[in-house]
Structure formats: C-alpha cells, structure tokens
$ cat start_13.cif   # mmCIF, C-alpha atoms and all ligand atoms
data_upload
loop_
_atom_site.label_atom_id
_atom_site.label_comp_id
_atom_site.auth_asym_id
_atom_site.auth_seq_id
_atom_site.Cartn_x
_atom_site.Cartn_y
_atom_site.Cartn_z
CA MET A 612 -12.78 102.55 16.75
CA LYS A 613 -13.93 105.08 14.15
CA THR A 614 -12.67 108.68 14.09
CA LYS A 615 -12.23 111.33 11.38
CA ILE A 616 -8.64 110.07 10.98
CA THR A 617 -9.49 106.36 10.63
CA GLU A 618 -12.03 107.41 7.96
CA LEU A 619 -9.57 109.73 6.20
CA PHE A 620 -6.78 107.14 6.03
CA GLY A 621 -8.95 104.03 5.68
CA ILE A 622 -7.47 102.34 8.75
CA ASP A 623 -9.00 100.38 11.65
CA VAL A 624 -7.52 102.07 14.72
CA PRO A 625 -6.45 105.71 15.29
CA ILE A 626 -2.79 104.92 15.90
CA ILE A 627 -0.06 106.32 13.68
CA GLN A 628 3.58 105.22 13.96
CA GLY A 629 6.06 108.11 13.88
CA GLY A 630 8.32 108.44 10.84
CA MET A 631 11.60 108.09 12.69
CA ALA A 632 14.88 108.48 10.77
CA TRP A 633 16.87 105.19 10.49
CA VAL A 634 14.30 103.39 12.69
CA ALA A 635 11.06 103.53 10.72
CA GLN A 636 11.94 101.13 7.89
CA TYR A 637 9.49 99.02 5.87
CA PRO A 638 9.28 96.01 8.26
CA LEU A 639 8.03 98.29 11.05
CA ALA A 640 5.71 100.32 8.81
CA ALA A 641 4.16 97.19 7.28
CA ALA A 642 3.67 95.57 10.71
CA VAL A 643 1.87 98.64 12.08
CA SER A 644 -0.37 98.90 9.01
CA ASP A 645 -1.12 95.16 9.14
CA ALA A 646 -2.14 95.58 12.79
CA GLY A 647 -4.73 98.19 11.76
CA GLY A 648 -2.82 101.43 12.39
CA LEU A 649 -0.89 103.60 9.94
CA GLY A 650 2.74 102.56 9.49
CA ILE A 651 5.17 105.17 8.23
CA ILE A 652 8.55 104.87 6.50
CA GLY A 653 10.92 107.55 7.79
CA ALA A 654 13.02 109.06 5.01
CA GLY A 655 15.22 110.89 7.55
CA GLY A 656 18.46 111.91 5.88
CA ALA A 657 18.38 109.08 3.31
CA PRO A 658 18.71 109.39 -0.49
CA ALA A 659 15.59 109.33 -2.68
CA GLU A 660 16.52 105.94 -4.20
CA TRP A 661 16.55 104.33 -0.75
CA VAL A 662 13.09 105.74 -0.03
CA LYS A 663 11.76 104.41 -3.34
CA ASP A 664 13.06 100.92 -2.54
CA GLN A 665 11.56 101.06 0.96
CA ILE A 666 8.13 101.97 -0.47
CA GLN A 667 8.31 99.11 -2.95
CA GLN A 668 9.32 96.63 -0.23
CA ALA A 669 6.45 97.80 2.01
CA LYS A 670 3.96 97.34 -0.85
CA LYS A 671 5.12 93.70 -1.12
CA LEU A 672 4.55 93.12 2.61
CA THR A 673 1.16 94.75 3.11
CA ASP A 674 -1.99 95.62 1.17
CA LYS A 675 -2.97 98.16 3.82
CA PRO A 676 -2.34 101.91 3.52
CA PHE A 677 0.98 103.24 4.81
CA GLY A 678 2.77 106.58 4.75
CA VAL A 679 6.19 108.19 4.27
CA ASN A 680 7.65 110.91 6.49
CA ILE A 681 9.90 113.48 4.85
CA MET A 682 12.37 115.27 7.11
CA LEU A 683 12.51 118.64 5.37
CA MET A 684 16.08 119.47 6.46
CA ASN A 685 17.22 116.56 4.25
CA PRO A 686 19.07 118.06 1.23
CA GLU A 687 17.28 115.40 -0.88
CA ALA A 688 13.80 116.48 0.24
CA ASP A 689 12.90 117.71 -3.28
CA ALA A 690 13.74 114.37 -4.87
CA ILE A 691 11.96 112.40 -2.12
CA ALA A 692 8.87 114.59 -2.50
CA LYS A 693 8.75 113.52 -6.18
CA VAL A 694 9.29 109.82 -5.36
CA VAL A 695 6.31 109.71 -2.98
CA ALA A 696 4.12 111.42 -5.61
CA GLU A 697 5.21 108.90 -8.27
CA GLU A 698 4.68 105.95 -5.95
CA LYS A 699 1.32 107.39 -4.82
CA VAL A 700 1.75 106.45 -1.18
CA ALA A 701 -1.46 106.88 0.84
CA VAL A 702 -0.18 109.50 3.29
CA VAL A 703 2.79 111.87 3.51
CA THR A 704 3.83 113.39 6.80
CA THR A 705 6.57 116.02 7.06
CA GLY A 706 8.79 117.23 9.88
CA ALA A 707 11.32 119.89 10.80
CA GLY A 708 10.06 122.51 8.37
CA ASN A 709 7.27 123.93 6.20
CA PRO A 710 6.19 121.58 3.34
CA GLU A 711 4.16 124.25 1.53
CA PRO A 712 6.00 124.09 -1.84
CA TYR A 713 5.23 120.36 -2.25
CA VAL A 714 1.57 120.34 -1.22
CA PRO A 715 0.02 120.97 -4.70
CA MET A 716 2.03 118.10 -6.26
CA TRP A 717 1.02 115.66 -3.51
CA LYS A 718 -2.65 116.68 -3.63
CA GLU A 719 -2.64 116.14 -7.39
CA ALA A 720 -1.33 112.59 -6.83
CA GLY A 721 -4.27 111.94 -4.45
CA ILE A 722 -1.98 111.73 -1.41
CA LYS A 723 -3.23 112.70 2.05
CA VAL A 724 -0.95 115.50 3.29
CA VAL A 725 -0.31 115.55 7.02
CA PRO A 726 2.42 117.95 8.22
CA VAL A 727 3.85 117.69 11.72
CA VAL A 728 3.62 121.08 13.43
CA ALA A 729 4.83 122.46 16.74
CA SER A 730 2.81 125.70 16.65
CA VAL A 731 -0.71 127.00 16.00
CA ALA A 732 0.55 129.44 13.34
CA LEU A 733 1.98 126.75 11.05
CA ALA A 734 -1.10 124.54 11.55
CA LYS A 735 -3.39 127.37 10.39
CA ARG A 736 -1.18 128.21 7.43
CA LEU A 737 -1.07 124.58 6.25
CA GLU A 738 -4.81 124.13 6.68
CA ARG A 739 -5.33 127.15 4.41
CA ILE A 740 -3.19 125.66 1.62
CA GLY A 741 -4.86 122.25 1.71
CA ALA A 742 -3.37 119.99 4.41
CA ASP A 743 -5.77 117.11 5.15
CA ALA A 744 -4.81 116.86 8.84
CA VAL A 745 -1.93 117.89 11.10
CA VAL A 746 0.13 116.13 13.72
CA ALA A 747 0.49 118.47 16.74
CA GLU A 748 3.75 117.32 18.29
CA GLY A 749 4.67 118.34 21.83
CA THR A 750 8.15 118.79 23.24
CA GLU A 751 7.93 115.46 25.09
CA SER A 752 8.77 113.77 21.76
CA GLY A 753 12.11 112.29 20.84
CA GLY A 754 14.42 113.75 18.21
CA HIS A 755 14.02 117.28 16.85
CA ILE A 756 11.47 119.10 19.04
CA GLY A 757 9.47 122.30 19.46
CA GLU A 758 8.82 124.25 22.68
CA LEU A 759 5.20 123.58 23.67
CA THR A 760 3.97 120.56 25.60
CA THR A 761 1.42 118.15 24.13
CA MET A 762 -1.08 119.09 26.87
CA THR A 763 -1.04 122.76 25.80
CA LEU A 764 -0.33 122.49 22.06
CA VAL A 765 -2.99 119.95 21.08
CA PRO A 766 -6.08 121.80 22.36
CA GLN A 767 -4.81 125.11 20.96
CA VAL A 768 -4.33 123.56 17.51
CA VAL A 769 -7.73 121.82 17.78
CA ASP A 770 -9.36 125.20 18.48
CA ALA A 771 -7.52 126.92 15.62
CA VAL A 772 -8.21 124.53 12.69
CA SER A 773 -11.16 122.56 11.28
CA ILE A 774 -9.10 119.67 9.87
CA PRO A 775 -8.49 116.65 12.16
CA VAL A 776 -5.60 116.83 14.62
CA ILE A 777 -3.33 113.93 15.56
CA ALA A 778 -1.65 114.25 18.98
CA ALA A 779 2.02 113.31 19.42
CA GLY A 780 4.58 113.56 22.20
CA GLY A 781 4.60 111.70 25.50
CA ILE A 782 2.05 109.05 24.55
CA ALA A 783 3.06 105.42 25.16
CA ASP A 784 0.06 103.70 26.76
CA GLY A 785 -3.74 103.63 26.74
CA ARG A 786 -3.92 106.42 29.31
CA GLY A 787 -2.07 108.72 26.94
CA VAL A 788 -4.29 107.68 24.03
CA ALA A 789 -7.45 108.40 26.06
CA ALA A 790 -6.03 111.73 27.25
CA ALA A 791 -5.28 112.76 23.65
CA PHE A 792 -8.94 112.17 22.76
CA MET A 793 -10.00 114.30 25.73
CA LEU A 794 -7.83 117.11 24.30
CA GLY A 795 -9.77 116.91 21.04
CA ALA A 796 -7.37 114.78 18.96
CA GLN A 797 -8.78 112.30 16.39
CA ALA A 798 -5.74 109.97 16.58
CA VAL A 799 -2.32 109.66 18.18
CA GLN A 800 1.15 109.35 16.69
CA MET A 801 3.67 107.36 18.73
CA GLY A 802 7.36 106.85 18.16
CA THR A 803 9.28 105.72 21.21
CA HIS A 804 7.25 102.61 22.07
CA PHE A 805 7.43 101.47 18.44
CA VAL A 806 11.26 101.72 18.52
CA ALA A 807 11.23 98.94 21.11
CA THR A 808 8.84 96.58 19.28
CA LYS A 809 9.80 93.18 17.88
CA GLU A 810 9.55 94.33 14.25
CA SER A 811 11.79 97.37 14.86
CA ILE A 812 15.19 96.90 13.20
CA VAL A 813 17.17 98.95 15.77
CA HIS A 814 20.11 97.31 17.56
CA GLN A 815 19.04 95.40 20.69
CA ASN A 816 21.20 97.76 22.81
CA TYR A 817 18.93 100.64 21.70
CA LYS A 818 15.78 98.72 22.63
CA ASN A 819 17.27 97.76 26.00
CA ARG A 820 18.22 101.38 26.72
CA ILE A 821 14.56 102.40 26.20
CA LEU A 822 13.24 99.44 28.22
CA LYS A 823 15.38 100.37 31.22
CA ALA A 824 14.97 104.17 30.91
CA LYS A 825 13.82 106.08 33.98
CA ASP A 826 11.74 109.28 34.03
CA ILE A 827 14.81 111.50 34.42
CA ASP A 828 16.90 109.89 31.68
CA SER A 829 15.67 112.25 28.95
CA LYS A 830 17.96 115.13 27.88
CA VAL A 831 17.77 117.90 25.27
CA THR A 832 20.97 118.90 23.48
CA GLY A 833 21.30 121.82 21.09
CA ARG A 834 18.99 124.32 22.77
CA THR A 835 21.62 127.02 22.13
CA THR A 836 22.18 126.05 18.48
CA GLY A 837 18.50 126.36 17.50
CA HIS A 838 18.25 122.61 16.82
CA PRO A 839 17.06 121.07 20.06
CA VAL A 840 17.14 117.25 19.97
CA ARG A 841 15.80 114.95 22.70
CA THR A 842 17.72 111.74 23.43
CA LEU A 843 18.36 109.41 26.35
CA ARG A 844 21.27 110.55 28.48
CA ASN A 845 24.65 108.94 27.96
CA ARG A 846 28.33 109.87 27.65
CA MET A 847 27.59 111.89 24.51
CA THR A 848 24.88 114.03 26.15
CA SER A 849 27.02 114.65 29.26
CA GLN A 850 29.95 115.87 27.16
CA TYR A 851 27.69 117.83 24.81
CA LEU A 852 25.78 119.63 27.56
CA LYS A 853 29.06 120.46 29.37
CA LEU A 854 30.56 121.94 26.19
CA GLU A 855 27.30 123.73 25.37
CA ALA A 856 27.24 125.35 28.84
CA GLU A 857 30.85 126.45 28.30
CA GLY A 858 29.81 128.22 25.09
CA ALA A 859 31.37 125.86 22.54
CA THR A 860 31.04 126.75 18.86
CA LEU A 861 28.39 125.28 16.60
CA GLU A 862 31.08 123.30 14.76
CA GLU A 863 32.46 121.75 17.95
CA LEU A 864 28.96 120.75 19.03
CA GLU A 865 27.86 119.39 15.66
CA LYS A 866 30.98 117.22 15.50
CA MET A 867 29.76 115.37 18.59
CA THR A 868 26.40 114.34 17.10
CA LEU A 869 27.37 113.83 13.45
CA GLY A 870 26.21 110.36 12.43
CA GLY A 871 25.13 109.77 16.02
CA LEU A 872 21.73 108.27 15.25
CA LYS A 873 23.20 105.68 12.87
CA LYS A 874 25.85 104.87 15.49
CA ALA A 875 23.09 104.06 18.00
CA VAL A 876 20.58 102.36 15.66
CA VAL A 877 22.96 100.31 13.50
CA ASP A 878 26.11 99.84 15.61
CA GLY A 879 24.32 99.70 18.98
CA ASP A 880 26.65 102.34 20.45
CA VAL A 881 24.33 103.65 23.14
CA ASP A 882 27.22 105.40 24.99
CA TYR A 883 28.37 107.79 22.27
CA GLY A 884 25.49 107.55 19.75
CA SER A 885 22.26 109.64 19.68
CA VAL A 886 19.68 107.45 21.39
CA MET A 887 16.68 109.50 20.26
CA ALA A 888 13.59 108.78 22.35
CA GLY A 889 10.80 110.77 23.95
CA GLN A 890 10.05 111.39 27.61
CA SER A 891 7.66 108.44 27.39
CA ALA A 892 10.65 106.03 27.37
CA GLY A 893 10.12 105.64 31.12
CA LEU A 894 6.68 104.15 30.37
CA VAL A 895 8.00 101.48 28.00
CA LYS A 896 8.48 98.24 29.93
CA GLU A 897 8.33 95.37 27.45
CA GLU A 898 9.23 94.51 23.88
CA LEU A 899 5.92 93.67 22.21
CA SER A 900 4.98 92.97 18.60
CA CYS A 901 3.27 95.90 16.85
CA LYS A 902 -0.01 93.97 16.93
CA GLU A 903 0.29 93.26 20.67
CA LEU A 904 1.11 96.92 21.36
CA ILE A 905 -1.75 98.32 19.26
CA ASP A 906 -4.30 95.88 20.74
CA LYS A 907 -3.12 96.74 24.26
CA LEU A 908 -3.28 100.50 23.63
CA MET A 909 -6.78 100.32 22.20
CA ASN A 910 -8.12 98.01 24.95
CA GLU A 911 -6.72 100.27 27.68
CA ALA A 912 -7.97 103.45 25.99
CA GLN A 913 -11.45 102.06 25.27
CA GLU A 914 -11.86 100.99 28.88
CA LEU A 915 -10.93 104.47 30.12
CA LEU A 916 -13.11 106.25 27.58
CA ASN A 917 -16.12 104.07 28.51
CA GLN A 918 -15.67 104.69 32.24
CA GLN A 919 -18.60 106.14 34.17
CA TRP A 920 -17.50 109.08 36.32
CA ASN A 921 -20.58 109.45 38.53
O1 LIG B 1001 11.00 116.23 12.72
C1 LIG B 1001 10.72 115.83 13.83
N1 LIG B 1001 11.55 115.09 14.57
C2 LIG B 1001 12.80 114.66 14.15
S1 LIG B 1001 13.50 114.95 12.65
C3 LIG B 1001 14.86 114.12 13.10
S2 LIG B 1001 16.21 113.88 12.02
C4 LIG B 1001 17.48 114.64 12.80
N2 LIG B 1001 18.59 113.95 12.90
C5 LIG B 1001 19.64 114.48 13.49
C6 LIG B 1001 19.59 115.74 14.03
C7 LIG B 1001 18.43 116.46 13.96
C8 LIG B 1001 17.35 115.90 13.34
C9 LIG B 1001 14.73 113.65 14.35
N3 LIG B 1001 13.57 113.96 14.92
N4 LIG B 1001 9.52 116.11 14.38
C10 LIG B 1001 8.57 116.91 13.72
C11 LIG B 1001 8.74 118.31 14.12
N5 LIG B 1001 8.68 119.30 13.29
N6 LIG B 1001 9.00 118.75 15.34
C12 LIG B 1001 9.09 120.11 15.27
C13 LIG B 1001 8.87 120.43 13.95
C14 LIG B 1001 8.84 121.72 13.34
C15 LIG B 1001 9.58 122.76 13.85
C16 LIG B 1001 9.55 123.99 13.23
C17 LIG B 1001 8.09 121.91 12.19
C18 LIG B 1001 8.07 123.12 11.57
C19 LIG B 1001 8.80 124.17 12.10
O2 LIG B 1001 8.75 125.40 11.52
C20 LIG B 1001 8.97 125.47 10.15
C21 LIG B 1001 8.72 126.83 9.60
O3 LIG B 1001 9.38 127.11 8.59
O4 LIG B 1001 7.87 127.55 10.13
#

$ encode --input "start_13.cif" --output "structure tokens"
Amino acid sequence: MKTKITELFGIDVPIIQGGMAWVAQYPLAAAVSDAGGLGIIGAGGAPAEWVKDQIQQAKKLTDKPFGVNIMLMNPEADAIAKVVAEEKVAVVTTGAGNPEPYVPMWKEAGIKVVPVVASVALAKRLERIGADAVVAEGTESGGHIGELTTMTLVPQVVDAVSIPVIAAGGIADGRGVAAAFMLGAQAVQMGTHFVATKESIVHQNYKNRILKAKDIDSKVTGRTTGHPVRTLRNRMTSQYLKLEAEGATLEELEKMTLGGLKKAVVDGDVDYGSVMAGQSAGLVKEELSCKELIDKLMNEAQELLNQQWN
C-alpha cells in the first residue's frame, strides 16, 4: 500500500512502531522494519552511548530503514540528538517536548524529522521550521499523553498542515488503521500491540498483563502534576491516585513512579511497576510476531477500505 509516508520513508506498509522507552530496543525495531513497516528504537531516558550501540546493532540485523525516538525530557537529549545525526538514521521522531533546536542539524544529515505532537499549534510551528511529517498522538496512547483524542486531533492537524500526518493513539487492529485513513492520516503509529509481540523484549508478565487487559483497566496518573501518564491499573496506580486525590506533594508522588517502567519491563513487576500501555490494550488478544501483526493489520484495513457502501 502506497501513501505519502511509505514514499517518504521508503517502506512497504504505512505502519510505524512507537518509540517506547525501555521497550523499543533493536530486536523489535529491526523486526518491524523487516516486515515492511518502520521500526523505531526508543531512546527513552537512556544514555547516548546506549543509543549509539542500539543503532549499530539494528544496522547489523536489517538493511531496511529504521528510526530513533528521542524523549526530549531526557537530560541526555542533546548528546542523543548528535548521535542520530552522526549515525545518519533514516528517521527521527521526538516526544514530550519541542525539538526545534535540533531540526537544522538533522536536516543537514539528510534525516527525516517527524515530531510527535499533541496539538495543532505545535504541528504548525514544526511544519514551518522544516518537519517532514508529524505524528498526531491522541490521549488514548500509553505513557506520557496530551489532552485531545485521536478522533478529534488527527483531522484538525490534517487541516492545519500540508506535510503528511501519522495517526497514533488507540489503534491496535485493521479497523483502527482504516479509520485513521478516513481521518486523513497517511500512516499509523502503534505502540501497545507491538509491546506484546514475540520480538518484544519486555518481561512475559508485562505481555500477559496487556493480553488480559479489559477496556476499563487503563488509568492516568499525574494529571495534577502536569505529567499525565497512562498505564494499566495495578497496586501502584491505586495508591498513586488515592494520594493524588488527597493532595500529596510532587515529591511524594514522583517517589512512587521512579524507575517504575524498568521495574515492569525488566523485572516483570506488574503490581508496583509502571505498566505503560494505551487504551487499545483491551483490543490486544494474542502474542503475534511483528510480521504476523503487520500482515493482519494491512489485510483487515485493505478489506475495509475496499468495501462498497451502497
Ligand atoms: O512522549 C510520548 N510518550 C511517552 S514519553 C515516555 S518516557 C516517561 N517515562 C516516565 C515518565 C514519564 C515519561 C513515556 N511515554 N509521547 C509523545 C508525546 N509528546 N505525547 C505528548 C507529547 C507532547 C506534549 C507536549 C509533545 C509536545 C508538547 O509540547 C511541547 C512544547 O514545548 O510545546
């Protein structure tokens, strides 16, 4: 399936894997790219040296294009921005901030610059300074989130910019992919379903928690601190939300989530760790390989998009 995004990135199918901290390591990114989508290494809160090694490992595993996501709240963001320019990765995506200062350096290195945005204003600003595309990410997503839903954000961003828009948030099956195209997107970015794939390095407890998640299992902590984060509910979220409602201090609250994602991903502590996942977790029913998932998504979406309505 050809779209402006498959052309821009030189990939076969318009499916991008989200750059999830701790989760999106080179085996996942290479598997997604090998299956025809765009795999992404998530730099998260990692040091620049780790990111460099991940890029080099991915290059050994696949000849296809792949990307790196830079979480801009990472104190090492400056150093990571330089590493991706030196390594000339095909695509850089950014999250949790405004990547403006780095854009000229990346463009000079021939990198496609694709910021994740949660508002029309930032999308317009980044188009003006040379972004090649944007990911419009709705609040259904896992992890650090904005306010607007995918259904409302995507068409508003599509109307506001001329560069291609990638839809993210709440998409986990072919129906979601087809719906994103109806909203004007040229591709989708998915995280949650990829967390539970065979090539994902997360602890099996994390995968199982997603596979058995129900619609109402999604919670947002940190709305009062200005850093809302969506995870699957567990002992940590119950305690956190109780303390947050009682007006606990920022320090008390931050103590509860410090290192929480690593605890869940690496140690498999799905009771007290941060089991980041989007609202689409309730749609994820089986652990597939990346290739099986991408083929299934595209077959389902194509069938829906070809449907005759009258
Ligand atoms: O970045 C994400 N999702 C993330 S980052 C992350 S790492 C983390 N770990 C522990 C605690 C907290 C975070 C987990 N999930 N998504 C992309 C995204 N970016 N969503 C929303 C935004 C965003 C929000 C505001 C982007 C820009 C922005 O405004 C920046 C500005 O300066 O205008």

$ atom_distance --input "start_13.cif" --atom1 "CA of Leu794 in chain A" --atom2 "CA of Gln913 in chain A"
15.5 Å

$ closest_residue --input "start_13.cif" --among "A:Gly785, A:Pro710, A:Gly753, A:Gly678" --to "Met909 in chain A" --atoms "all atoms listed in the file"
A:Gly785

$ residues_around --input "start_13.cif" --residues "Ala856 in chain A" --least-positions-apart "4" --cutoff "9 Å" --atoms "only C-alpha atoms" --output "JSON, numbers by chain"
{"A": [835, 851, 852]}

$ closest_residue --input "start_13.cif" --among "A:Pro676, A:Gly621, A:Gly630, A:Gly879" --to "Lys818 in chain A" --atoms "only C-alpha atoms"
A:Gly879

$ residues_around --input "start_13.cif" --residues "Ser730 in chain A" --least-positions-apart "6" --cutoff "12 Å" --atoms "all atoms listed in the file" --output "list in words"
Ala707, Gly708, Asn709, Arg736, Leu737, Val745, Val746, Ala747, Glu748, Gly749, Thr750, Ile756, Gly757, Glu758, Leu759, Thr760, Thr761, Thr763, Leu764, Val765, Pro766, Gln767, Val768, Val769, Ala771 and Val772 of chain A

$ residues_around --input "start_13.cif" --residues "range 644-648 of chain A" --least-positions-apart "3" --cutoff "7 Å" --atoms "only C-alpha atoms" --output "PyMOL selection string"
chain A and resi 622-627+640-641+673+675-677+901-902

$ residues_near_point --input "start_13.cif" --point "(4.0, 91.9, 24.5)" --cutoff "12 Å" --atoms "all atoms listed in the file" --output "list in words"
His804, Phe805, Ala807, Thr808, Lys809, Glu810, Val895, Lys896, Glu897, Glu898, Leu899, Ser900, Cys901, Lys902, Glu903, Leu904, Ile905, Asp906, Lys907 and Leu908 of chain A

$ residues_near_ligand --input "start_13.cif" --ligand "ligand LIG 1001 (chain B)" --cutoff "8 Å" --atoms "only C-alpha atoms and all ligand atoms" --output "PyMOL selection string"
chain A and resi 631-632+655-656+682-684+705-709+726-730+733+748-750+752-757+838-840+868-872+887

$ atom_distance --input "start_13.cif" --atom1 "CA of Gly858 in chain A" --atom2 "CA of Ala875 in chain A"
26.1 Å

$ closest_residue --input "start_13.cif" --among "A:Asp826, A:Glu738, A:Glu618, A:Asp674" --to "Ala892 in chain A" --atoms "all atoms listed in the file"
A:Asp826

$ atom_distance --input "start_13.cif" --atom1 "CA of Arg846 in chain A" --atom2 "CA of Asp882 in chain A"
5.3 Å

$ residues_near_point --input "start_13.cif" --point "(5.6, 105.8, 10.9)" --cutoff "9 Å" --atoms "all atoms listed in the file" --output "list in words"
Ile627, Gln628, Gly629, Gly630, Met631, Ala635, Gln636, Leu639, Ala640, Val643, Leu649, Gly650, Ile651, Ile652, Gly653, Phe677, Gly678, Val679, Asn680, Thr704, Gln800, Met801, Gly802 and Phe805 of chain A

$ closest_residue --input "start_13.cif" --among "A:Ala692, A:Ala789, A:Val634, A:Leu854" --to "Lys874 in chain A" --atoms "all atoms listed in the file"
A:Val634

$ closest_residue --input "start_13.cif" --among "A:Ala720, A:Phe792, A:Val725, A:Val813" --to "Lys873 in chain A" --atoms "all atoms listed in the file"
A:Val813

$ residues_around --input "start_13.cif" --residues "Leu861 in chain A" --least-positions-apart "5" --cutoff "9 Å" --atoms "all atoms listed in the file" --output "PDB file with C-alpha atoms, in the frame of the given file"
ATOM      1  CA  THR A 835      21.620 127.020  22.130  1.00  0.00           C
ATOM      2  CA  THR A 836      22.180 126.050  18.480  1.00  0.00           C
ATOM      3  CA  GLU A 855      27.300 123.730  25.370  1.00  0.00           C
ATOM      4  CA  LYS A 866      30.980 117.220  15.500  1.00  0.00           C
TER       5      LYS A 866
END

$ residues_around --input "start_13.cif" --residues "Ala791 in chain A" --least-positions-apart "2" --cutoff "9 Å" --atoms "only C-alpha atoms" --output "PyMOL selection string"
chain A and resi 761-762+765+777-779+782+786-789+793-799
